[in-house]
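So this block is run_17.cif, mmCIF, C-alpha atoms:
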```cif
data_input
loop_
_atom_site.group_PDB
_atom_site.id
_atom_site.type_symbol
_atom_site.label_atom_id
_atom_site.label_comp_id
_atom_site.auth_asym_id
_atom_site.auth_seq_id
_atom_site.Cartn_x
_atom_site.Cartn_y
_atom_site.Cartn_z
ATOM 1 C CA MET A 227 35.830 -43.593 -113.206
ATOM 2 C CA PRO A 228 38.951 -41.479 -112.628
ATOM 3 C CA ARG A 229 39.084 -39.382 -109.469
ATOM 4 C CA PRO A 230 38.958 -35.567 -109.687
ATOM 5 C CA VAL A 231 42.313 -33.845 -109.526
ATOM 6 C CA THR A 232 43.646 -30.292 -109.572
ATOM 7 C CA ILE A 233 46.648 -29.860 -111.824
ATOM 8 C CA SER A 234 49.094 -27.029 -111.268
ATOM 9 C CA TYR A 235 51.606 -26.379 -114.021
ATOM 10 C CA PRO A 236 54.395 -23.875 -113.443
ATOM 11 C CA VAL A 237 55.871 -22.933 -116.825
ATOM 12 C CA ALA A 238 59.621 -22.303 -116.930
ATOM 13 C CA ALA A 239 61.701 -20.738 -119.674
ATOM 14 C CA ASP A 240 63.925 -23.669 -120.617
ATOM 15 C CA HIS A 241 65.434 -27.029 -119.691
ATOM 16 C CA ALA A 242 67.668 -25.652 -116.953
ATOM 17 C CA ALA A 243 64.806 -23.755 -115.329
ATOM 18 C CA VAL A 244 62.594 -26.875 -115.284
ATOM 19 C CA ALA A 245 65.409 -28.898 -113.719
ATOM 20 C CA LEU A 246 66.036 -26.160 -111.157
ATOM 21 C CA ALA A 247 62.344 -26.145 -110.201
ATOM 22 C CA ALA A 248 62.482 -29.935 -109.883
ATOM 23 C CA ALA A 249 65.527 -29.717 -107.602
ATOM 24 C CA GLN A 250 63.659 -27.238 -105.414
ATOM 25 C CA LEU A 251 60.616 -29.529 -105.306
ATOM 26 C CA PHE A 252 62.826 -32.485 -104.364
ATOM 27 C CA THR A 253 64.511 -30.504 -101.578
ATOM 28 C CA ASP A 254 61.275 -29.071 -100.169
ATOM 29 C CA ALA A 255 59.544 -32.458 -100.207
ATOM 30 C CA ALA A 256 62.458 -34.098 -98.409
ATOM 31 C CA LEU A 257 62.550 -31.399 -95.734
ATOM 32 C CA ARG A 258 58.776 -31.548 -95.194
ATOM 33 C CA ALA A 259 58.826 -35.322 -94.894
ATOM 34 C CA VAL A 260 61.685 -35.346 -92.390
ATOM 35 C CA GLN A 261 60.007 -32.670 -90.308
ATOM 36 C CA ALA A 262 56.696 -34.569 -90.307
ATOM 37 C CA ARG A 263 57.866 -38.187 -90.083
ATOM 38 C CA GLY A 264 61.609 -38.199 -89.494
ATOM 39 C CA LEU A 265 62.339 -39.767 -92.886
ATOM 40 C CA ALA A 266 61.906 -38.905 -96.573
ATOM 41 C CA ARG A 267 61.156 -41.490 -99.240
ATOM 42 C CA ILE A 268 61.447 -40.288 -102.829
ATOM 43 C CA ALA A 269 61.165 -42.164 -106.149
ATOM 44 C CA ILE A 270 62.790 -40.706 -109.257
ATOM 45 C CA SER A 271 62.756 -41.437 -112.991
ATOM 46 C CA GLY A 272 65.408 -41.460 -115.707
ATOM 47 C CA GLY A 273 65.845 -38.998 -118.546
ATOM 48 C CA SER A 274 67.631 -35.745 -119.342
ATOM 49 C CA THR A 275 65.580 -33.439 -117.104
ATOM 50 C CA PRO A 276 65.962 -35.655 -114.009
ATOM 51 C CA ARG A 277 69.691 -35.897 -114.732
ATOM 52 C CA THR A 278 70.095 -32.119 -114.713
ATOM 53 C CA MET A 279 67.945 -31.927 -111.565
ATOM 54 C CA LEU A 280 70.242 -34.448 -109.863
ATOM 55 C CA GLU A 281 73.313 -32.513 -110.969
ATOM 56 C CA PHE A 282 71.849 -29.377 -109.379
ATOM 57 C CA LEU A 283 71.223 -31.307 -106.148
ATOM 58 C CA ALA A 284 74.842 -32.513 -106.098
ATOM 59 C CA ASP A 285 76.461 -29.216 -107.083
ATOM 60 C CA PRO A 286 78.168 -27.431 -104.143
ATOM 61 C CA ALA A 287 77.433 -24.139 -105.935
ATOM 62 C CA HIS A 288 73.715 -24.624 -105.259
ATOM 63 C CA PRO A 289 72.105 -24.577 -101.788
ATOM 64 C CA PHE A 290 70.338 -27.910 -102.342
ATOM 65 C CA ARG A 291 73.572 -29.824 -101.680
ATOM 66 C CA THR A 292 73.567 -28.807 -98.026
ATOM 67 C CA GLN A 293 69.795 -28.446 -97.553
ATOM 68 C CA VAL A 294 68.774 -31.994 -98.466
ATOM 69 C CA PRO A 295 68.784 -34.236 -95.358
ATOM 70 C CA TRP A 296 70.794 -37.004 -97.043
ATOM 71 C CA ASP A 297 71.140 -39.072 -93.874
ATOM 72 C CA LYS A 298 67.335 -39.288 -93.580
ATOM 73 C CA LEU A 299 66.514 -39.880 -97.259
ATOM 74 C CA ASP A 300 65.562 -43.208 -98.813
ATOM 75 C CA LEU A 301 65.952 -43.067 -102.602
ATOM 76 C CA PHE A 302 63.959 -45.319 -104.946
ATOM 77 C CA TRP A 303 63.348 -45.539 -108.683
ATOM 78 C CA VAL A 304 60.012 -45.382 -110.472
ATOM 79 C CA ASP A 305 61.204 -47.812 -113.143
ATOM 80 C CA GLU A 306 64.238 -49.402 -114.701
ATOM 81 C CA ARG A 307 65.308 -51.026 -117.939
ATOM 82 C CA SER A 308 66.347 -54.686 -118.001
ATOM 83 C CA VAL A 309 70.048 -53.866 -118.194
ATOM 84 C CA PRO A 310 72.993 -54.167 -115.787
ATOM 85 C CA PRO A 311 73.756 -51.120 -113.621
ATOM 86 C CA ASP A 312 76.883 -50.240 -115.596
ATOM 87 C CA GLN A 313 75.073 -49.928 -118.946
ATOM 88 C CA PRO A 314 74.404 -46.503 -120.516
ATOM 89 C CA ASP A 315 70.616 -47.132 -120.535
ATOM 90 C CA SER A 316 70.477 -47.837 -116.789
ATOM 91 C CA ASN A 317 68.505 -45.279 -114.794
ATOM 92 C CA TYR A 318 70.569 -46.273 -111.769
ATOM 93 C CA ARG A 319 73.836 -45.572 -113.606
ATOM 94 C CA MET A 320 72.596 -42.117 -114.605
ATOM 95 C CA THR A 321 71.685 -41.371 -110.993
ATOM 96 C CA ARG A 322 74.996 -42.675 -109.700
ATOM 97 C CA GLU A 323 76.971 -40.484 -112.099
ATOM 98 C CA ALA A 324 74.874 -37.357 -111.590
ATOM 99 C CA LEU A 325 74.158 -37.597 -107.862
ATOM 100 C CA LEU A 326 75.194 -40.601 -105.809
ATOM 101 C CA ALA A 327 78.915 -40.247 -106.459
ATOM 102 C CA HIS A 328 78.822 -36.696 -105.081
ATOM 103 C CA VAL A 329 76.540 -36.650 -102.018
ATOM 104 C CA PRO A 330 76.629 -38.351 -98.594
ATOM 105 C CA LEU A 331 73.619 -40.620 -99.161
ATOM 106 C CA PRO A 332 74.237 -43.805 -97.122
ATOM 107 C CA PRO A 333 74.422 -46.932 -99.327
ATOM 108 C CA GLU A 334 71.749 -48.681 -97.260
ATOM 109 C CA ARG A 335 69.318 -45.915 -98.211
ATOM 110 C CA ILE A 336 69.774 -46.497 -101.957
ATOM 111 C CA HIS A 337 67.130 -48.950 -103.201
ATOM 112 C CA ARG A 338 67.921 -49.718 -106.829
ATOM 113 C CA ILE A 339 66.037 -52.013 -109.185
ATOM 114 C CA GLU A 340 68.273 -54.930 -110.179
ATOM 115 C CA GLY A 341 67.829 -54.648 -113.917
ATOM 116 C CA GLU A 342 70.481 -57.267 -114.597
ATOM 117 C CA LEU A 343 68.227 -60.014 -113.217
ATOM 118 C CA ASP A 344 65.341 -61.807 -114.899
ATOM 119 C CA PRO A 345 62.594 -59.139 -115.013
ATOM 120 C CA GLU A 346 60.115 -61.103 -112.894
ATOM 121 C CA ILE A 347 62.782 -61.781 -110.266
ATOM 122 C CA ALA A 348 63.933 -58.153 -110.333
ATOM 123 C CA ALA A 349 60.356 -56.938 -109.813
ATOM 124 C CA ALA A 350 59.781 -59.370 -106.934
ATOM 125 C CA ARG A 351 63.043 -58.356 -105.264
ATOM 126 C CA TYR A 352 62.243 -54.665 -105.680
ATOM 127 C CA GLU A 353 58.775 -55.105 -104.202
ATOM 128 C CA SER A 354 60.347 -56.974 -101.274
ATOM 129 C CA ALA A 355 62.909 -54.189 -100.796
ATOM 130 C CA ILE A 356 60.127 -51.592 -100.733
ATOM 131 C CA ARG A 357 58.096 -53.654 -98.265
ATOM 132 C CA ASN A 358 61.108 -53.938 -95.981
ATOM 133 C CA ALA A 359 62.033 -50.253 -96.228
ATOM 134 C CA PHE A 360 58.477 -49.131 -95.491
ATOM 135 C CA LYS A 361 57.903 -51.923 -92.935
ATOM 136 C CA LEU A 362 54.706 -52.954 -94.721
ATOM 137 C CA GLU A 363 52.500 -55.784 -93.574
ATOM 138 C CA GLY A 364 50.028 -57.906 -95.513
ATOM 139 C CA ALA A 365 48.332 -55.988 -98.296
ATOM 140 C CA GLN A 366 49.683 -52.595 -97.211
ATOM 141 C CA THR A 367 51.170 -50.452 -99.971
ATOM 142 C CA PRO A 368 53.793 -47.696 -99.713
ATOM 143 C CA THR A 369 53.167 -43.974 -99.611
ATOM 144 C CA PHE A 370 56.156 -42.186 -101.128
ATOM 145 C CA ASP A 371 56.695 -38.581 -100.095
ATOM 146 C CA LEU A 372 57.489 -37.558 -103.676
ATOM 147 C CA ILE A 373 57.309 -39.375 -107.003
ATOM 148 C CA LEU A 374 58.882 -37.729 -110.038
ATOM 149 C CA LEU A 375 57.650 -38.906 -113.437
ATOM 150 C CA GLY A 376 58.308 -38.272 -117.095
ATOM 151 C CA MET A 377 56.019 -38.711 -120.073
ATOM 152 C CA GLY A 378 56.781 -40.160 -123.482
ATOM 153 C CA GLU A 379 55.437 -38.894 -126.787
ATOM 154 C CA ASP A 380 53.176 -41.965 -126.819
ATOM 155 C CA GLY A 381 51.577 -40.968 -123.505
ATOM 156 C CA HIS A 382 53.408 -43.536 -121.369
ATOM 157 C CA THR A 383 54.748 -42.754 -117.918
ATOM 158 C CA ALA A 384 57.024 -44.785 -115.659
ATOM 159 C CA SER A 385 57.207 -48.021 -117.711
ATOM 160 C CA LEU A 386 53.446 -48.118 -118.132
ATOM 161 C CA PHE A 387 53.238 -48.269 -121.922
ATOM 162 C CA PRO A 388 50.058 -48.182 -124.040
ATOM 163 C CA HIS A 389 48.159 -51.472 -124.265
ATOM 164 C CA THR A 390 50.541 -53.411 -122.003
ATOM 165 C CA GLU A 391 49.632 -55.811 -119.199
ATOM 166 C CA ALA A 392 50.931 -53.521 -116.468
ATOM 167 C CA LEU A 393 47.954 -51.216 -116.933
ATOM 168 C CA ASP A 394 45.662 -53.905 -115.515
ATOM 169 C CA ASN A 395 47.709 -54.670 -112.397
ATOM 170 C CA LEU A 396 46.061 -53.123 -109.345
ATOM 171 C CA ALA A 397 47.524 -55.357 -106.628
ATOM 172 C CA SER A 398 51.312 -55.337 -106.949
ATOM 173 C CA ILE A 399 53.796 -52.690 -105.875
ATOM 174 C CA ALA A 400 56.356 -53.379 -108.610
ATOM 175 C CA ILE A 401 55.970 -55.518 -111.710
ATOM 176 C CA ALA A 402 57.804 -56.688 -114.800
ATOM 177 C CA ASN A 403 56.181 -55.280 -117.918
ATOM 178 C CA HIS A 404 56.853 -56.557 -121.420
ATOM 179 C CA VAL A 405 56.878 -53.664 -123.880
ATOM 180 C CA PRO A 406 56.298 -54.997 -127.421
ATOM 181 C CA GLN A 407 56.763 -51.504 -128.878
ATOM 182 C CA LYS A 408 60.401 -51.615 -127.783
ATOM 183 C CA ASP A 409 60.834 -55.408 -127.799
ATOM 184 C CA THR A 410 62.048 -55.307 -124.230
ATOM 185 C CA TRP A 411 61.130 -55.730 -120.580
ATOM 186 C CA ARG A 412 60.910 -53.012 -117.959
ATOM 187 C CA ILE A 413 60.425 -53.083 -114.191
ATOM 188 C CA THR A 414 58.043 -50.430 -112.892
ATOM 189 C CA LEU A 415 55.991 -49.238 -109.966
ATOM 190 C CA THR A 416 52.292 -49.777 -110.614
ATOM 191 C CA TRP A 417 49.967 -46.838 -111.171
ATOM 192 C CA PRO A 418 47.941 -47.365 -107.942
ATOM 193 C CA VAL A 419 51.215 -47.076 -105.978
ATOM 194 C CA ILE A 420 52.179 -43.926 -107.861
ATOM 195 C CA ASN A 421 48.766 -42.441 -107.122
ATOM 196 C CA GLN A 422 49.299 -43.021 -103.419
ATOM 197 C CA GLY A 423 52.284 -40.649 -103.344
ATOM 198 C CA ARG A 424 51.920 -37.602 -101.130
ATOM 199 C CA GLU A 425 53.287 -35.481 -103.965
ATOM 200 C CA VAL A 426 53.402 -36.541 -107.605
ATOM 201 C CA ALA A 427 54.969 -34.452 -110.349
ATOM 202 C CA PHE A 428 55.688 -34.789 -114.060
ATOM 203 C CA LEU A 429 58.808 -33.225 -115.584
ATOM 204 C CA ILE A 430 58.020 -32.560 -119.256
ATOM 205 C CA GLU A 431 59.812 -30.435 -121.826
ATOM 206 C CA GLY A 432 60.044 -29.749 -125.514
ATOM 207 C CA GLN A 433 57.724 -29.105 -128.439
ATOM 208 C CA PRO A 434 57.432 -32.842 -129.281
ATOM 209 C CA LYS A 435 55.604 -33.331 -125.957
ATOM 210 C CA ALA A 436 53.104 -30.492 -126.469
ATOM 211 C CA GLN A 437 50.430 -32.454 -128.341
ATOM 212 C CA VAL A 438 50.500 -35.537 -126.124
ATOM 213 C CA LEU A 439 50.415 -33.307 -123.040
ATOM 214 C CA HIS A 440 47.269 -31.703 -124.438
ATOM 215 C CA ASP A 441 45.726 -35.081 -125.298
ATOM 216 C CA VAL A 442 46.483 -36.597 -121.889
ATOM 217 C CA PHE A 443 45.097 -33.771 -119.794
ATOM 218 C CA LEU A 444 42.513 -32.163 -122.069
ATOM 219 C CA GLY A 445 41.452 -35.030 -124.328
ATOM 220 C CA PRO A 446 38.997 -37.894 -123.731
ATOM 221 C CA TYR A 447 39.844 -40.419 -121.033
ATOM 222 C CA GLN A 448 41.565 -43.296 -122.856
ATOM 223 C CA PRO A 449 44.120 -44.738 -120.408
ATOM 224 C CA GLU A 450 44.864 -47.803 -122.534
ATOM 225 C CA THR A 451 46.066 -45.396 -125.214
ATOM 226 C CA TYR A 452 47.478 -42.747 -122.870
ATOM 227 C CA PRO A 453 48.603 -44.496 -119.656
ATOM 228 C CA ALA A 454 49.647 -41.163 -118.111
ATOM 229 C CA GLN A 455 45.911 -40.484 -117.699
ATOM 230 C CA LEU A 456 45.913 -43.125 -114.940
ATOM 231 C CA ILE A 457 47.963 -40.795 -112.756
ATOM 232 C CA ARG A 458 45.408 -39.050 -110.589
ATOM 233 C CA PRO A 459 46.857 -38.933 -107.066
ATOM 234 C CA ALA A 460 44.710 -39.713 -104.044
ATOM 235 C CA SER A 461 45.793 -36.319 -102.663
ATOM 236 C CA GLY A 462 43.722 -34.702 -105.422
ATOM 237 C CA LYS A 463 46.743 -32.687 -106.557
ATOM 238 C CA LEU A 464 49.179 -33.162 -109.421
ATOM 239 C CA THR A 465 52.077 -30.944 -110.511
ATOM 240 C CA LEU A 466 53.453 -30.563 -114.033
ATOM 241 C CA LEU A 467 56.849 -28.880 -114.311
ATOM 242 C CA LEU A 468 56.937 -27.658 -117.916
ATOM 243 C CA ASP A 469 58.922 -25.500 -120.263
ATOM 244 C CA ARG A 470 57.187 -23.074 -122.607
ATOM 245 C CA ALA A 471 57.405 -25.391 -125.594
ATOM 246 C CA ALA A 472 55.762 -28.334 -123.825
ATOM 247 C CA ALA A 473 53.046 -26.079 -122.374
ATOM 248 C CA SER A 474 52.217 -24.436 -125.711
ATOM 249 C CA LYS A 475 48.948 -26.349 -126.240
ATOM 250 C CA LEU A 476 47.638 -25.903 -122.682
ATOM 251 C CA PRO A 477 45.640 -22.886 -121.462
ATOM 252 C CA GLU A 478 47.837 -19.842 -120.946
ATOM 253 C CA PRO A 479 49.303 -19.635 -117.434
ATOM 254 C CA ASP A 480 48.691 -16.687 -115.156
ATOM 255 C CA LEU A 481 50.922 -13.826 -116.267
ATOM 256 C CA ALA A 482 52.029 -12.898 -112.760
ATOM 257 C CA THR A 483 52.949 -16.382 -111.536
ATOM 258 C CA GLN A 484 53.546 -18.177 -114.839
ATOM 259 C CA THR A 485 51.496 -21.031 -113.385
ATOM 260 C CA GLY A 486 48.441 -22.583 -114.961
ATOM 261 C CA THR A 487 45.689 -24.669 -113.368
ATOM 262 C CA LEU A 488 43.440 -27.417 -114.694
ATOM 263 C CA GLU A 489 40.548 -29.111 -112.921
ATOM 264 C CA LEU A 490 39.978 -32.679 -114.093
ATOM 265 C CA LYS A 491 36.655 -34.207 -113.146
#
```
How does this structure look as structure tokens?
Amino acid sequence: MPRPVTISYPVAADHAAVALAAAQLFTDAALRAVQARGLARIAISGGSTPRTMLEFLADPAHPFRTQVPWDKLDLFWVDERSVPPDQPDSNYRMTREALLAHVPLPPERIHRIEGELDPEIAAARYESAIRNAFKLEGAQTPTFDLILLGMGEDGHTASLFPHTEALDNLASIAIANHVPQKDTWRITLTWPVINQGREVAFLIEGQPKAQVLHDVFLGPYQPETYPAQLIRPASGKLTLLLDRAAASKLPEPDLATQTGTLELK
């Protein structure tokens, strides 16, 4: 049975406002982690909203650029396509263009997924890189300080697609997942690892996401059909950063705070 979780969903006006809220979340999580443990470990996803968030973080016109403790930040990816890092579809390339080329993040703190390799080899190398970065032993698994996710119109998140083998993997940190729907391979963190994150947030926008957002969080529990339903963090808290269009089929947020709350049992 899924664990209970409290979902908080701040509703922003538009794409830029969602990305700005995500940049603030990223910055706050990094600062909290460094204050508590001396190091921040954050995993990000690809997509248009994360790209704008990263551009805000890199922009000298915004305070995030100087607030983020870049020298104490380890950056990871939630998932990656099986493409070289110079290809347009590469999540790493997007991050490099939007963020890494503009901020003083030490190269040794950038832990990319090697999408140009055979998917199984890339997944094994990424899991090894995570184990080394977190200094894990035996069956220990990592606890990221923040994991930022997206959600597809089919209810997938990370590269956990409906009715794929990755949904059944409870033991690995990172795996190669064949996605028949797209006739491709992806490398992804597993859902138990995502659920271990101290903070986990979805960035979701647009009217096309409204129905699936409703079905995932208000519909019956069918994780094989809607893999995003597997994301129920051990912290008991989950954040959805939404625009008005995406949130249109959820209960109305509080008028004063423009934040809604759901309790999932």
Problem - Protein/DNA/RNA residues near (53.0, -39.6, -106.6), cut 12 Å, only C-alpha atoms, as an MDAnalysis selection string - result: chainID A and resid 255 267:271 304 368:376 383:384 415:428 456:466
Practice task
Would you please work out which residue, of A:Glu334, A:Asp254, A:Asp469, A:Asp480, is nearest to A:Ala242 when using all atoms listed in the file?
Solution key: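 The shortest atom-to-atom distance to A:Ala242 comes from A:Asp469.
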Problem - Selected residue of minimal separation from A:Lys475 among A:Gln433, A:Thr451, A:Ser398, A:Thr487, counting all atoms listed in the file - result: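 For A:Lys475, the nearest of the candidates is A:Gln433.
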Practice task
Could you give me, as a count of residues only, the residues that sit within 9 Å of (46.9, -22.1, -116.0) in the file's coordinates, counting only C-alpha atoms?
Solution key: 14
Problem - Given the PyMOL selection byres ((chain A and resi 273) around 12), the residues it picks as an MDAnalysis selection string - result: chainID A and resid 245 270:272 274:280 304:306 314:321 324 374:378 383:384 428:431
Exercise for the section: Would you please work out which residue, of A:Arg263, A:Arg291, A:Lys361, A:His241, is nearest to A:Leu331 when using all atoms listed in the file? Expected result: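 Distance minimum relative to A:Leu331 lands on A:Arg291.
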